[in-house]
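Participant: Contents of data-v4.cif (mmCIF, C-alpha atoms and all ligand atoms) are below:
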```
data_query
#
loop_
_atom_site.label_atom_id
_atom_site.label_comp_id
_atom_site.auth_asym_id
_atom_site.auth_seq_id
_atom_site.Cartn_x
_atom_site.Cartn_y
_atom_site.Cartn_z
CA MET O 11 -25.29 -18.34 -19.68
CA TYR O 12 -27.63 -16.44 -21.93
CA CYS O 13 -27.39 -15.63 -25.60
CA LYS O 14 -26.28 -12.04 -26.01
CA TYR O 15 -28.33 -11.68 -29.17
CA CYS O 16 -31.70 -13.23 -28.33
CA GLY O 17 -31.34 -13.47 -24.53
CA LYS O 18 -32.42 -17.08 -24.27
CA GLU O 19 -30.67 -19.48 -21.92
CA ILE O 20 -28.07 -21.63 -23.64
CA GLU O 21 -25.53 -24.21 -22.56
CA GLU O 22 -22.45 -22.82 -20.77
CA GLY O 23 -19.56 -22.45 -23.22
CA SER O 24 -21.67 -22.98 -26.33
CA ALA O 25 -20.08 -21.68 -29.50
CA PHE O 26 -23.42 -20.99 -31.17
CA CYS O 27 -26.86 -20.15 -29.86
CA PRO O 28 -29.30 -22.99 -30.67
CA HIS O 29 -32.20 -20.52 -30.72
CA CYS O 30 -30.97 -17.83 -33.07
CA GLY O 31 -27.79 -19.46 -34.42
CA LYS O 32 -25.51 -16.51 -33.66
CA GLU O 33 -21.92 -17.13 -32.67
CA GLN O 34 -21.20 -16.83 -28.92
CA GLN O 35 -17.78 -15.41 -28.11
CA GLY O 36 -18.39 -15.04 -24.40
CA ASN O 37 -16.05 -12.82 -22.43
CA ALA O 38 -13.36 -12.95 -25.08
CA GLY O 39 -15.59 -11.01 -27.43
CA THR O 40 -16.28 -8.18 -25.00
CA ASP O 41 -12.60 -8.01 -23.96
CA ALA O 42 -11.48 -7.75 -27.58
CA GLY O 43 -13.99 -4.99 -28.15
CA ALA O 44 -12.78 -3.04 -25.13
CA GLY O 45 -9.17 -3.55 -26.21
CA THR O 46 -9.71 -2.19 -29.70
CA GLY O 47 -11.66 0.68 -28.20
CA ALA O 48 -8.74 1.62 -25.96
CA GLY O 49 -6.38 1.31 -28.92
CA ALA O 50 -8.56 3.63 -30.96
CA ASN O 51 -8.35 6.20 -28.17
CA GLY O 52 -4.59 6.35 -28.67
CA ALA O 53 -3.53 4.40 -25.57
CA PRO O 54 -0.78 1.81 -26.07
CA PRO O 55 -2.68 -1.48 -26.43
CA TYR O 56 -0.10 -3.75 -24.82
CA GLY O 57 1.04 -1.59 -21.93
CA ALA O 58 4.18 -0.44 -23.73
CA PRO O 59 6.33 1.64 -21.39
CA PRO O 60 5.87 5.28 -22.38
CA GLN O 61 9.37 6.24 -21.22
CA ALA O 62 12.49 5.02 -19.42
CA PRO O 63 12.13 1.34 -20.25
CA ALA O 64 15.36 0.55 -18.39
CA GLU O 65 13.73 1.33 -15.03
CA GLN O 66 10.88 -1.00 -14.17
CA ASP O 67 8.13 0.47 -12.06
CA ALA O 68 7.15 -1.94 -9.34
CA PRO O 69 6.45 -1.88 -5.64
CA SER O 70 9.82 -2.02 -3.91
CA GLY O 71 10.17 -3.55 -0.46
CA GLY O 72 13.77 -2.42 -0.23
CA PHE O 73 12.89 1.22 -0.76
CA ALA O 74 9.92 0.86 1.59
CA VAL O 75 12.28 -0.34 4.34
CA LEU O 76 14.79 2.43 3.55
CA CYS O 77 12.03 5.04 3.71
CA PHE O 78 10.69 3.45 6.88
CA PHE O 79 13.98 4.24 8.62
CA PHE O 80 14.50 7.55 6.80
CA PRO O 81 11.07 9.11 6.27
CA LEU O 82 12.58 12.33 4.93
CA ILE O 83 14.38 10.40 2.17
CA GLY O 84 11.13 8.56 1.55
CA LEU O 85 9.26 11.82 1.09
CA ILE O 86 11.90 13.09 -1.35
CA LEU O 87 11.94 9.83 -3.33
CA TYR O 88 8.14 9.83 -3.38
CA LEU O 89 8.08 13.33 -4.87
CA ILE O 90 10.78 12.38 -7.42
CA TRP O 91 9.11 9.16 -8.54
CA LYS O 92 5.39 9.83 -8.15
CA ASP O 93 5.07 10.71 -11.85
CA THR O 94 7.58 8.40 -13.50
CA LEU O 95 7.49 5.39 -11.15
CA PRO O 96 4.18 5.62 -9.28
CA LEU O 97 4.30 2.11 -7.83
CA ARG O 98 7.80 2.51 -6.43
CA ALA O 99 6.91 6.00 -5.23
CA ARG O 100 3.92 4.53 -3.42
CA SER O 101 6.22 1.99 -1.71
CA CYS O 102 8.44 4.83 -0.56
CA GLY O 103 5.51 6.94 0.55
CA LYS O 104 3.97 4.05 2.46
CA GLY O 105 7.30 3.17 4.09
CA ALA O 106 7.90 6.78 5.06
CA LEU O 107 4.37 7.15 6.41
CA ILE O 108 4.65 4.00 8.52
CA GLY O 109 8.12 5.11 9.62
CA VAL O 110 6.76 8.47 10.79
CA ILE O 111 3.82 6.83 12.59
CA VAL O 112 6.10 4.30 14.31
CA ALA O 113 8.60 7.02 15.22
CA VAL O 114 5.87 9.18 16.75
CA ALA O 115 4.34 6.19 18.54
CA LEU O 116 7.75 5.15 19.88
CA SER O 117 8.56 8.66 21.07
CA ILE O 118 5.21 8.88 22.88
CA PHE O 119 5.67 5.37 24.26
CA GLY O 120 9.26 6.18 25.25
CA THR O 121 8.22 9.40 26.96
CA VAL O 122 5.57 7.55 28.94
CA ILE O 123 7.99 4.76 29.88
CA VAL O 124 10.73 7.21 30.91
CA GLY O 125 8.15 9.19 32.84
CA VAL O 126 6.88 6.10 34.64
CA LEU O 127 10.41 4.83 35.37
CA PHE O 128 11.61 8.26 36.45
CA GLY O 129 8.53 8.71 38.57
CA SER O 130 8.91 5.33 40.26
CA VAL O 131 12.63 5.91 40.83
CA MET O 132 11.92 9.31 42.37
CA GLY O 133 9.08 7.81 44.36
CA GLY O 134 11.39 5.03 45.53
CA MET O 135 14.08 7.49 46.54
CA TYR O 136 11.58 9.60 48.32
CA GLY O 137 10.22 6.53 50.07
CA HIS O 138 13.67 5.36 51.14
CA GLY O 139 14.60 8.84 52.19
CA HIS O 140 11.47 9.05 54.23
CA MET O 141 12.20 5.70 55.87
CA ALA O 142 15.78 6.78 56.62
CA LEU O 143 14.48 9.96 58.16
CA LEU O 144 12.06 8.01 60.34
CA MET O 145 14.86 5.69 61.45
CA LEU O 146 17.07 8.65 62.32
CA LEU O 147 14.28 10.17 64.37
CA ALA O 148 13.50 6.95 66.14
ZN ZN Q 201 -29.67 -16.55 -29.48
#
```
Before anything else, please render the file you have as structure tokens.

Facilitator:
Amino acid sequence: MYCKYCGKEIEEGSAFCPHCGKEQQGNAGTDAGAGTGAGANGAPPYGAPPQAPAEQDAPSGGFAVLCFFFPLIGLILYLIWKDTLPLRARSCGKGALIGVIVAVALSIFGTVIVGVLFGSVMGGMYGHGHMALLMLLA
């Protein structure tokens, strides 16, 4: 590390600079400075909840799953919570988004599968019908 006052290289973790004798506070010093700065700006210094302390804002897997299966509910919950509970709202939004994507993908996939199955069944029927016709003619 380097002394923040004189810039000379000093031993890692040294409390005082041997060159200029100033006290070295390392990262703790800069963090404390930033903290007091934020406090001076009027922001709560210790992350005190600004409102509704009963409801904890956190990413919620349960709501994400719920919104995955019911994207419309997810969208509504996202709009309700995006200001008061942004983390939980994001879980809902993400769940709903993935739910919509999966639903669309499944519907496309299902349409293709049904189309292929239906096509092959029709083709099979046509083939058998054709064979039966040939046998009748023979
Ligand atoms: Zn120094």

Participant: What is the CA of Ser101 (chain O) to CA of Leu82 (chain O) distance in Å?

Facilitator: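 Straight-line distance from CA of Ser101 (chain O) to CA of Leu82 (chain O) works out to 13.8 Å.
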
Participant: Taking (10.4, 10.4, -2.4) in the file's coordinates as the center, which residues reach within 10 Å of it, counting only C-alpha atoms, put as a count of residues only?

Facilitator: 21

Participant: As a VMD selection string, please: every protein or nucleic acid residue near ligand ZN 201 (chain Q) (cut-off 6 Å, counting all atoms listed in the file).

Facilitator: chain O and resid 13 15 to 16 18 27 29 to 30 32

Participant: Using CA of Phe78 (chain O) and CA of Ile108 (chain O) as the two end points, give the distance in Å to one decimal.

Facilitator: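 For CA of Phe78 (chain O) relative to CA of Ile108 (chain O), the distance reads 6.3 Å.
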
Participant: How far is it from CA of Ala115 (chain O) to CA of Ser70 (chain O), in Å with one decimal?

Facilitator: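 Interatomic distance, CA of Ala115 (chain O) to CA of Ser70 (chain O): 24.5 Å.
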